[in-house]
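K.L.:
Input coords06.txt, format and content: compact mmCIF, N, CA and C atoms.
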# COMPACT_ATOMS: atom_id res chain seq x y z
N MET A 1 0.85 -1.17 0.00
CA MET A 1 0.00 0.00 0.00
C MET A 1 0.90 1.24 0.00
N LYS A 2 0.47 2.23 -0.75
CA LYS A 2 1.23 3.48 -0.84
C LYS A 2 1.08 4.28 0.45
N GLU A 3 2.09 5.07 0.74
CA GLU A 3 2.07 5.92 1.94
C GLU A 3 0.94 6.94 1.87
N SER A 4 0.71 7.51 0.69
CA SER A 4 -0.34 8.50 0.48
C SER A 4 -1.42 7.87 -0.39
N GLN A 5 -2.66 7.96 0.06
CA GLN A 5 -3.75 7.30 -0.66
C GLN A 5 -4.34 8.12 -1.80
N TYR A 6 -4.08 9.42 -1.83
CA TYR A 6 -4.77 10.25 -2.81
C TYR A 6 -3.98 11.51 -3.15
N GLY A 7 -4.36 12.06 -4.30
CA GLY A 7 -3.84 13.35 -4.70
C GLY A 7 -4.92 14.40 -4.53
N PRO A 8 -4.56 15.66 -4.49
CA PRO A 8 -5.55 16.73 -4.33
C PRO A 8 -6.52 16.80 -5.51
N CYS A 9 -6.13 16.25 -6.63
CA CYS A 9 -6.96 16.28 -7.84
C CYS A 9 -8.09 15.26 -7.81
N GLY A 10 -8.06 14.34 -6.84
CA GLY A 10 -9.11 13.34 -6.75
C GLY A 10 -8.73 11.99 -7.33
N LEU A 11 -7.47 11.82 -7.68
CA LEU A 11 -7.00 10.50 -8.12
C LEU A 11 -6.67 9.66 -6.90
N PHE A 12 -6.97 8.37 -6.97
CA PHE A 12 -6.71 7.44 -5.88
C PHE A 12 -5.33 6.82 -6.10
N CYS A 13 -4.34 7.29 -5.36
CA CYS A 13 -2.95 6.88 -5.55
C CYS A 13 -2.73 5.38 -5.36
N GLU A 14 -3.53 4.74 -4.50
CA GLU A 14 -3.33 3.32 -4.27
C GLU A 14 -3.63 2.48 -5.51
N ALA A 15 -4.33 3.02 -6.49
CA ALA A 15 -4.62 2.29 -7.72
C ALA A 15 -3.62 2.61 -8.83
N CYS A 16 -2.64 3.44 -8.53
CA CYS A 16 -1.59 3.77 -9.49
C CYS A 16 -0.52 2.68 -9.43
N GLY A 17 -0.06 2.26 -10.57
CA GLY A 17 0.93 1.18 -10.62
C GLY A 17 2.38 1.63 -10.50
N ALA A 18 2.63 2.93 -10.35
CA ALA A 18 4.01 3.42 -10.26
C ALA A 18 4.66 2.89 -8.98
N THR A 19 5.78 2.23 -9.14
CA THR A 19 6.48 1.65 -7.99
C THR A 19 7.53 2.59 -7.41
N ASP A 20 7.84 3.66 -8.12
CA ASP A 20 8.85 4.61 -7.66
C ASP A 20 8.22 5.83 -7.00
N CYS A 21 6.96 5.71 -6.60
CA CYS A 21 6.23 6.82 -6.00
C CYS A 21 5.36 6.28 -4.87
N GLY A 22 5.39 6.94 -3.73
CA GLY A 22 4.59 6.53 -2.58
C GLY A 22 3.24 7.21 -2.51
N GLY A 23 2.87 7.93 -3.56
CA GLY A 23 1.61 8.66 -3.60
C GLY A 23 1.86 10.15 -3.58
N CYS A 24 0.92 10.89 -4.08
CA CYS A 24 1.09 12.34 -4.30
C CYS A 24 1.48 13.13 -3.07
N ARG A 25 1.07 12.69 -1.92
CA ARG A 25 1.35 13.45 -0.69
C ARG A 25 2.44 12.81 0.16
N SER A 26 3.22 11.93 -0.44
CA SER A 26 4.31 11.28 0.29
C SER A 26 5.63 11.98 0.00
N ASP A 27 6.67 11.56 0.67
CA ASP A 27 8.00 12.11 0.41
C ASP A 27 8.68 11.42 -0.76
N MET A 28 8.20 10.23 -1.14
CA MET A 28 8.78 9.49 -2.25
C MET A 28 7.89 9.67 -3.49
N ILE A 29 8.19 10.70 -4.28
CA ILE A 29 7.39 10.97 -5.47
C ILE A 29 8.29 10.96 -6.70
N ASP A 30 7.68 10.62 -7.83
CA ASP A 30 8.44 10.59 -9.08
C ASP A 30 8.51 12.00 -9.68
N ASP A 31 9.22 12.13 -10.78
CA ASP A 31 9.42 13.44 -11.41
C ASP A 31 8.11 14.09 -11.84
N TYR A 32 7.17 13.28 -12.33
CA TYR A 32 5.90 13.84 -12.78
C TYR A 32 5.16 14.49 -11.61
N ILE A 33 5.11 13.80 -10.49
CA ILE A 33 4.41 14.32 -9.32
C ILE A 33 5.15 15.51 -8.72
N THR A 34 6.46 15.48 -8.76
CA THR A 34 7.24 16.62 -8.25
C THR A 34 6.80 17.91 -8.92
N ASN A 35 6.48 17.85 -10.20
CA ASN A 35 6.10 19.03 -10.97
C ASN A 35 4.59 19.19 -11.15
N CYS A 36 3.81 18.44 -10.40
CA CYS A 36 2.35 18.48 -10.55
C CYS A 36 1.79 19.83 -10.11
N THR A 37 1.10 20.47 -11.01
CA THR A 37 0.48 21.77 -10.75
C THR A 37 -0.52 21.70 -9.60
N PHE A 38 -1.32 20.64 -9.56
CA PHE A 38 -2.38 20.52 -8.57
C PHE A 38 -1.80 20.28 -7.17
N ARG A 39 -0.74 19.52 -7.10
CA ARG A 39 -0.06 19.27 -5.83
C ARG A 39 0.52 20.58 -5.29
N LYS A 40 1.19 21.33 -6.16
CA LYS A 40 1.79 22.60 -5.76
C LYS A 40 0.71 23.61 -5.35
N CYS A 41 -0.30 23.75 -6.18
CA CYS A 41 -1.35 24.74 -5.95
C CYS A 41 -2.10 24.45 -4.65
N SER A 42 -2.49 23.19 -4.43
CA SER A 42 -3.24 22.86 -3.21
C SER A 42 -2.37 23.09 -1.98
N GLY A 43 -1.09 22.82 -2.10
CA GLY A 43 -0.17 23.07 -0.99
C GLY A 43 -0.06 24.55 -0.67
N GLU A 44 0.04 25.36 -1.71
CA GLU A 44 0.13 26.81 -1.52
C GLU A 44 -1.15 27.38 -0.92
N LYS A 45 -2.29 26.80 -1.30
CA LYS A 45 -3.58 27.30 -0.80
C LYS A 45 -3.99 26.65 0.52
N GLY A 46 -3.26 25.62 0.93
CA GLY A 46 -3.57 24.94 2.18
C GLY A 46 -4.86 24.16 2.15
N ILE A 47 -5.18 23.59 0.97
CA ILE A 47 -6.40 22.79 0.84
C ILE A 47 -6.01 21.33 0.56
N GLU A 48 -6.84 20.43 1.00
CA GLU A 48 -6.55 19.01 0.83
C GLU A 48 -6.93 18.50 -0.56
N PHE A 49 -8.05 19.01 -1.08
CA PHE A 49 -8.55 18.59 -2.39
C PHE A 49 -8.94 19.80 -3.23
N CYS A 50 -8.78 19.68 -4.52
CA CYS A 50 -9.11 20.77 -5.44
C CYS A 50 -10.58 21.19 -5.34
N CYS A 51 -11.46 20.28 -4.97
CA CYS A 51 -12.89 20.61 -4.89
C CYS A 51 -13.19 21.65 -3.81
N PHE A 52 -12.23 21.88 -2.91
CA PHE A 52 -12.43 22.87 -1.86
C PHE A 52 -11.84 24.24 -2.23
N CYS A 53 -11.39 24.37 -3.45
CA CYS A 53 -10.82 25.62 -3.94
C CYS A 53 -11.93 26.50 -4.51
N GLU A 54 -11.81 27.80 -4.29
CA GLU A 54 -12.79 28.75 -4.83
C GLU A 54 -12.80 28.76 -6.36
N GLU A 55 -11.70 28.33 -6.98
CA GLU A 55 -11.59 28.34 -8.44
C GLU A 55 -11.94 26.99 -9.07
N TYR A 56 -12.41 26.04 -8.27
CA TYR A 56 -12.71 24.70 -8.79
C TYR A 56 -13.89 24.73 -9.73
N PRO A 57 -13.79 24.06 -10.86
CA PRO A 57 -12.57 23.51 -11.44
C PRO A 57 -11.87 24.55 -12.29
N CYS A 58 -10.61 24.75 -12.05
CA CYS A 58 -9.84 25.68 -12.88
C CYS A 58 -9.70 25.08 -14.28
N ASP A 59 -9.31 25.89 -15.23
CA ASP A 59 -9.19 25.43 -16.62
C ASP A 59 -8.20 24.27 -16.74
N GLU A 60 -7.08 24.36 -16.03
CA GLU A 60 -6.06 23.32 -16.13
C GLU A 60 -6.56 21.99 -15.56
N LEU A 61 -7.26 22.04 -14.44
CA LEU A 61 -7.80 20.81 -13.86
C LEU A 61 -8.88 20.23 -14.76
N HIS A 62 -9.75 21.07 -15.29
CA HIS A 62 -10.80 20.59 -16.19
C HIS A 62 -10.18 19.89 -17.41
N ALA A 63 -9.15 20.48 -17.98
CA ALA A 63 -8.48 19.88 -19.14
C ALA A 63 -7.87 18.53 -18.77
N PHE A 64 -7.29 18.43 -17.59
CA PHE A 64 -6.67 17.19 -17.12
C PHE A 64 -7.74 16.12 -16.89
N MET A 65 -8.86 16.50 -16.31
CA MET A 65 -9.95 15.56 -16.00
C MET A 65 -10.63 15.03 -17.26
N THR A 66 -10.49 15.75 -18.36
CA THR A 66 -11.20 15.36 -19.58
C THR A 66 -10.26 14.98 -20.72
N ASP A 67 -9.00 14.71 -20.37
CA ASP A 67 -8.05 14.33 -21.43
C ASP A 67 -8.27 12.88 -21.87
N GLU A 68 -7.32 12.31 -22.59
CA GLU A 68 -7.50 10.98 -23.18
C GLU A 68 -7.29 9.83 -22.20
N TRP A 69 -6.82 10.08 -20.99
CA TRP A 69 -6.55 9.01 -20.02
C TRP A 69 -7.81 8.68 -19.23
N PRO A 70 -8.35 7.47 -19.38
CA PRO A 70 -9.60 7.11 -18.69
C PRO A 70 -9.57 7.26 -17.17
N HIS A 71 -8.44 7.01 -16.52
CA HIS A 71 -8.44 7.15 -15.06
C HIS A 71 -8.59 8.61 -14.63
N HIS A 72 -8.27 9.55 -15.49
CA HIS A 72 -8.48 10.96 -15.18
C HIS A 72 -9.97 11.30 -15.15
N HIS A 73 -10.77 10.53 -15.87
CA HIS A 73 -12.21 10.78 -15.91
C HIS A 73 -12.89 10.47 -14.58
N THR A 74 -12.18 9.80 -13.68
CA THR A 74 -12.73 9.50 -12.35
C THR A 74 -12.64 10.70 -11.42
N MET A 75 -11.84 11.67 -11.77
CA MET A 75 -11.55 12.78 -10.86
C MET A 75 -12.78 13.61 -10.51
N ALA A 76 -13.58 14.01 -11.48
CA ALA A 76 -14.75 14.84 -11.19
C ALA A 76 -15.74 14.11 -10.28
N PRO A 77 -16.10 12.85 -10.59
CA PRO A 77 -17.01 12.16 -9.65
C PRO A 77 -16.36 11.90 -8.29
N ASN A 78 -15.06 11.65 -8.28
CA ASN A 78 -14.38 11.44 -7.00
C ASN A 78 -14.43 12.71 -6.16
N LEU A 79 -14.13 13.84 -6.76
CA LEU A 79 -14.14 15.12 -6.03
C LEU A 79 -15.56 15.48 -5.57
N ALA A 80 -16.56 15.16 -6.37
CA ALA A 80 -17.95 15.41 -5.97
C ALA A 80 -18.30 14.55 -4.75
N PHE A 81 -17.88 13.29 -4.76
CA PHE A 81 -18.13 12.40 -3.63
C PHE A 81 -17.42 12.92 -2.38
N ILE A 82 -16.16 13.32 -2.53
CA ILE A 82 -15.38 13.84 -1.40
C ILE A 82 -16.05 15.08 -0.82
N SER A 83 -16.49 15.96 -1.69
CA SER A 83 -17.14 17.20 -1.26
C SER A 83 -18.40 16.91 -0.47
N GLU A 84 -19.14 15.89 -0.88
CA GLU A 84 -20.42 15.57 -0.24
C GLU A 84 -20.27 14.66 0.99
N HIS A 85 -19.36 13.68 0.91
CA HIS A 85 -19.29 12.65 1.96
C HIS A 85 -18.00 12.63 2.77
N GLY A 86 -16.98 13.35 2.30
CA GLY A 86 -15.71 13.39 3.01
C GLY A 86 -14.69 12.40 2.47
N ALA A 87 -13.44 12.67 2.79
CA ALA A 87 -12.32 11.86 2.28
C ALA A 87 -12.32 10.45 2.84
N ALA A 88 -12.63 10.27 4.10
CA ALA A 88 -12.57 8.94 4.72
C ALA A 88 -13.53 7.96 4.03
N LYS A 89 -14.76 8.38 3.77
CA LYS A 89 -15.73 7.51 3.09
C LYS A 89 -15.29 7.24 1.65
N TRP A 90 -14.70 8.24 1.01
CA TRP A 90 -14.24 8.07 -0.37
C TRP A 90 -13.10 7.06 -0.42
N ILE A 91 -12.13 7.18 0.48
CA ILE A 91 -11.01 6.24 0.51
C ILE A 91 -11.52 4.82 0.76
N GLU A 92 -12.46 4.68 1.65
CA GLU A 92 -13.06 3.36 1.92
C GLU A 92 -13.72 2.80 0.66
N ALA A 93 -14.47 3.63 -0.05
CA ALA A 93 -15.14 3.20 -1.29
C ALA A 93 -14.12 2.86 -2.37
N GLN A 94 -13.06 3.65 -2.47
CA GLN A 94 -12.02 3.40 -3.48
C GLN A 94 -11.30 2.09 -3.18
N ARG A 95 -11.01 1.84 -1.93
CA ARG A 95 -10.34 0.58 -1.58
C ARG A 95 -11.20 -0.62 -1.96
N ARG A 96 -12.51 -0.51 -1.76
CA ARG A 96 -13.41 -1.59 -2.19
C ARG A 96 -13.37 -1.75 -3.71
N GLU A 97 -13.43 -0.61 -4.41
CA GLU A 97 -13.44 -0.64 -5.88
C GLU A 97 -12.15 -1.22 -6.45
N TRP A 98 -11.02 -0.93 -5.83
CA TRP A 98 -9.71 -1.34 -6.34
C TRP A 98 -9.14 -2.55 -5.60
N THR A 99 -10.04 -3.44 -5.17
CA THR A 99 -9.65 -4.70 -4.55
C THR A 99 -10.38 -5.82 -5.27
N CYS A 100 -9.67 -6.88 -5.59
CA CYS A 100 -10.28 -8.02 -6.28
C CYS A 100 -11.34 -8.65 -5.38
N ALA A 101 -12.53 -8.82 -5.95
CA ALA A 101 -13.65 -9.40 -5.20
C ALA A 101 -13.43 -10.88 -4.90
N GLU A 102 -12.56 -11.52 -5.66
CA GLU A 102 -12.34 -12.96 -5.45
C GLU A 102 -11.22 -13.27 -4.47
N CYS A 103 -10.11 -12.53 -4.54
CA CYS A 103 -8.97 -12.89 -3.69
C CYS A 103 -8.54 -11.79 -2.72
N GLY A 104 -9.07 -10.58 -2.87
CA GLY A 104 -8.73 -9.50 -1.97
C GLY A 104 -7.44 -8.76 -2.31
N GLU A 105 -6.83 -9.10 -3.44
CA GLU A 105 -5.59 -8.44 -3.87
C GLU A 105 -5.91 -7.02 -4.37
N ARG A 106 -4.99 -6.09 -4.12
CA ARG A 106 -5.14 -4.72 -4.63
C ARG A 106 -5.00 -4.72 -6.15
N LEU A 107 -5.79 -3.88 -6.80
CA LEU A 107 -5.77 -3.75 -8.26
C LEU A 107 -5.25 -2.37 -8.63
N ILE A 108 -4.77 -2.25 -9.86
CA ILE A 108 -4.29 -0.96 -10.35
C ILE A 108 -4.97 -0.61 -11.67
N TRP A 109 -4.92 0.70 -11.99
CA TRP A 109 -5.51 1.17 -13.24
C TRP A 109 -4.94 0.37 -14.41
N TYR A 110 -5.78 0.05 -15.35
CA TYR A 110 -5.41 -0.61 -16.61
C TYR A 110 -4.99 -2.07 -16.44
N GLN A 111 -5.13 -2.63 -15.26
CA GLN A 111 -4.77 -4.03 -15.01
C GLN A 111 -5.84 -4.93 -15.64
N LYS A 112 -5.41 -5.85 -16.47
CA LYS A 112 -6.34 -6.71 -17.21
C LYS A 112 -6.65 -8.02 -16.50
N GLN A 113 -5.73 -8.44 -15.60
CA GLN A 113 -5.94 -9.72 -14.92
C GLN A 113 -5.36 -9.63 -13.51
N CYS A 114 -6.11 -10.15 -12.55
CA CYS A 114 -5.65 -10.19 -11.17
C CYS A 114 -4.63 -11.32 -11.02
N VAL A 115 -3.84 -11.26 -9.97
CA VAL A 115 -2.87 -12.32 -9.71
C VAL A 115 -3.55 -13.67 -9.49
N CYS A 116 -4.83 -13.66 -9.09
CA CYS A 116 -5.57 -14.91 -8.88
C CYS A 116 -6.08 -15.50 -10.20
N GLY A 117 -5.91 -14.77 -11.30
CA GLY A 117 -6.35 -15.25 -12.60
C GLY A 117 -7.65 -14.64 -13.09
N ARG A 118 -8.36 -13.94 -12.23
CA ARG A 118 -9.63 -13.32 -12.61
C ARG A 118 -9.39 -12.25 -13.68
N THR A 119 -10.17 -12.31 -14.76
CA THR A 119 -10.11 -11.29 -15.81
C THR A 119 -10.84 -10.04 -15.31
N LEU A 120 -10.20 -8.91 -15.51
CA LEU A 120 -10.74 -7.64 -15.02
C LEU A 120 -11.27 -6.80 -16.17
N ASP A 121 -12.30 -6.04 -15.89
CA ASP A 121 -12.89 -5.12 -16.86
C ASP A 121 -12.10 -3.82 -16.79
N ALA A 122 -10.92 -3.81 -17.42
CA ALA A 122 -10.00 -2.68 -17.30
C ALA A 122 -10.15 -1.71 -18.45
N TRP A 123 -9.73 -0.48 -18.17
CA TRP A 123 -9.69 0.55 -19.20
C TRP A 123 -8.57 0.23 -20.19
N GLU A 124 -8.72 0.78 -21.37
CA GLU A 124 -7.65 0.71 -22.37
C GLU A 124 -6.87 2.01 -22.31
N PRO A 125 -5.54 1.94 -22.21
CA PRO A 125 -4.77 3.20 -22.24
C PRO A 125 -4.86 3.83 -23.62
N PRO A 126 -4.75 5.16 -23.68
CA PRO A 126 -4.80 5.82 -24.98
C PRO A 126 -3.60 5.44 -25.85
N MET A 127 -3.79 5.53 -27.11
CA MET A 127 -2.70 5.16 -28.04
C MET A 127 -1.67 6.22 -28.14
Can you turn what I pasted into structure tokens?
P.N.:
Amino acid sequence: MKESQYGPCGLFCEACGATDCGGCRSDMIDDYITNCTFRKCSGEKGIEFCCFCEEYPCDELHAFMTDEWPHHHTMAPNLAFISEHGAAKWIEAQRREWTCAECGERLIWYQKQCVCGRTLDAWEPPM
């Protein structure tokens, strides 16, 4: 399990397959996260999630949420859930969603098959 479960943008870090990153809010982050606009901005504004910003959704976040990467499309509904129900309930729901129903193993974005052999209904990465 990653040290940080989520990013301020509403992505669930525990479902990210990057092994060189402990999650957006950890000390072990990769180069992409180091330069993440949303991580920097939320830190400067002292907010935990972008949905609590007066400018939500800013143009840059909207463009990111609607780009070609299917896992980015989860951000708007995730942030809406967080805004309404809180981070703890969202993390609980995400852990259920990203856990294999048959063996209990953690799953990651774009994973086509669980270690137990179960075929997963995974997104296709953009070309």
K.L.:
Show me, as a VMD selection string, the residues that have an atom within 6.5 Å of stretch 11-13 of chain A when counting all atoms listed in the file, minus same-chain residues fewer than 5 positions from it.
P.N.:
chain A and resid 2 4 to 6 23 to 24 74 to 75
K.L.:
Excluding same-chain residues fewer than 5 positions from stretch 90-101 of chain A, what lies within 8 Å of it counting all atoms listed in the file, as a ChimeraX atom specification?
P.N.:
/A:5-6,12,14-15,78,81-82,85,106-109,114
K.L.:
Atom CA of A:Arg39 and atom CA of A:Asp27, how far apart in Å?
P.N.:
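Atom CA of A:Arg39 lies at a distance of 12.5 Å from atom CA of A:Asp27.
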K.L.:
When you draw a straight line from atom N of A:Asp59 to atom N of A:Thr19, how long is it in Å?
P.N.:
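It comes out at 28.7 Å.
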K.L.:
May I ask which of the residues A:Gly104, A:Glu84, A:Glu55, A:Pro8 is the closest one to A:Gly43, counting only C-alpha atoms?
P.N.:
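Nearest candidate to A:Gly43 out of A:Gly104, A:Glu84, A:Glu55, A:Pro8: A:Pro8.
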K.L.:
Between A:Cys51, A:Gly86, A:Asn35, A:Ala122, which residue has the minimum interatomic distance to A:Cys9, considering all atoms listed in the file?
P.N.:
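Comparing A:Cys51, A:Gly86, A:Asn35, A:Ala122 against A:Cys9, the winner is A:Cys51.
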K.L.:
Nearest to A:Gly10: which of A:Ser26, A:Glu68, A:Ala76, A:Glu44 is it, counting all atoms listed in the file?
P.N.:
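With all atoms listed in the file as the atom set, the closest residue is A:Ala76.
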K.L.:
Tell me, in Å to one decimal, how far atom N of A:Cys53 is from atom C of A:Cys41.
P.N.:
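A separation of 9.4 Å between them.
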K.L.:
Out of stretch 16-116 of chain A, which residues get helix (DSSP H, G or I) from DSSP, as a PyMOL selection string?
P.N.:
chain A and resi 31-34+37-45+50-52+59-65+70-85+87-97
K.L.:
How big is the axis-aligned box around the listed atoms of stretch 33-50 of chain A once 3 Å is added on each side, and where is its centre? Give both in Å to one decimal, as JSON.
P.N.:
{"center_x": -1.7, "center_y": 20.6, "center_z": -4.5, "size_x": 23.8, "size_y": 19.6, "size_z": 19.3}
K.L.:
My list of candidates is A:Phe64, A:Trp123, A:Tyr56, A:Tyr110. Which is closest to A:Cys36 when distances are computed with only C-alpha atoms?
P.N.:
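For A:Cys36, the nearest of the candidates is A:Phe64.
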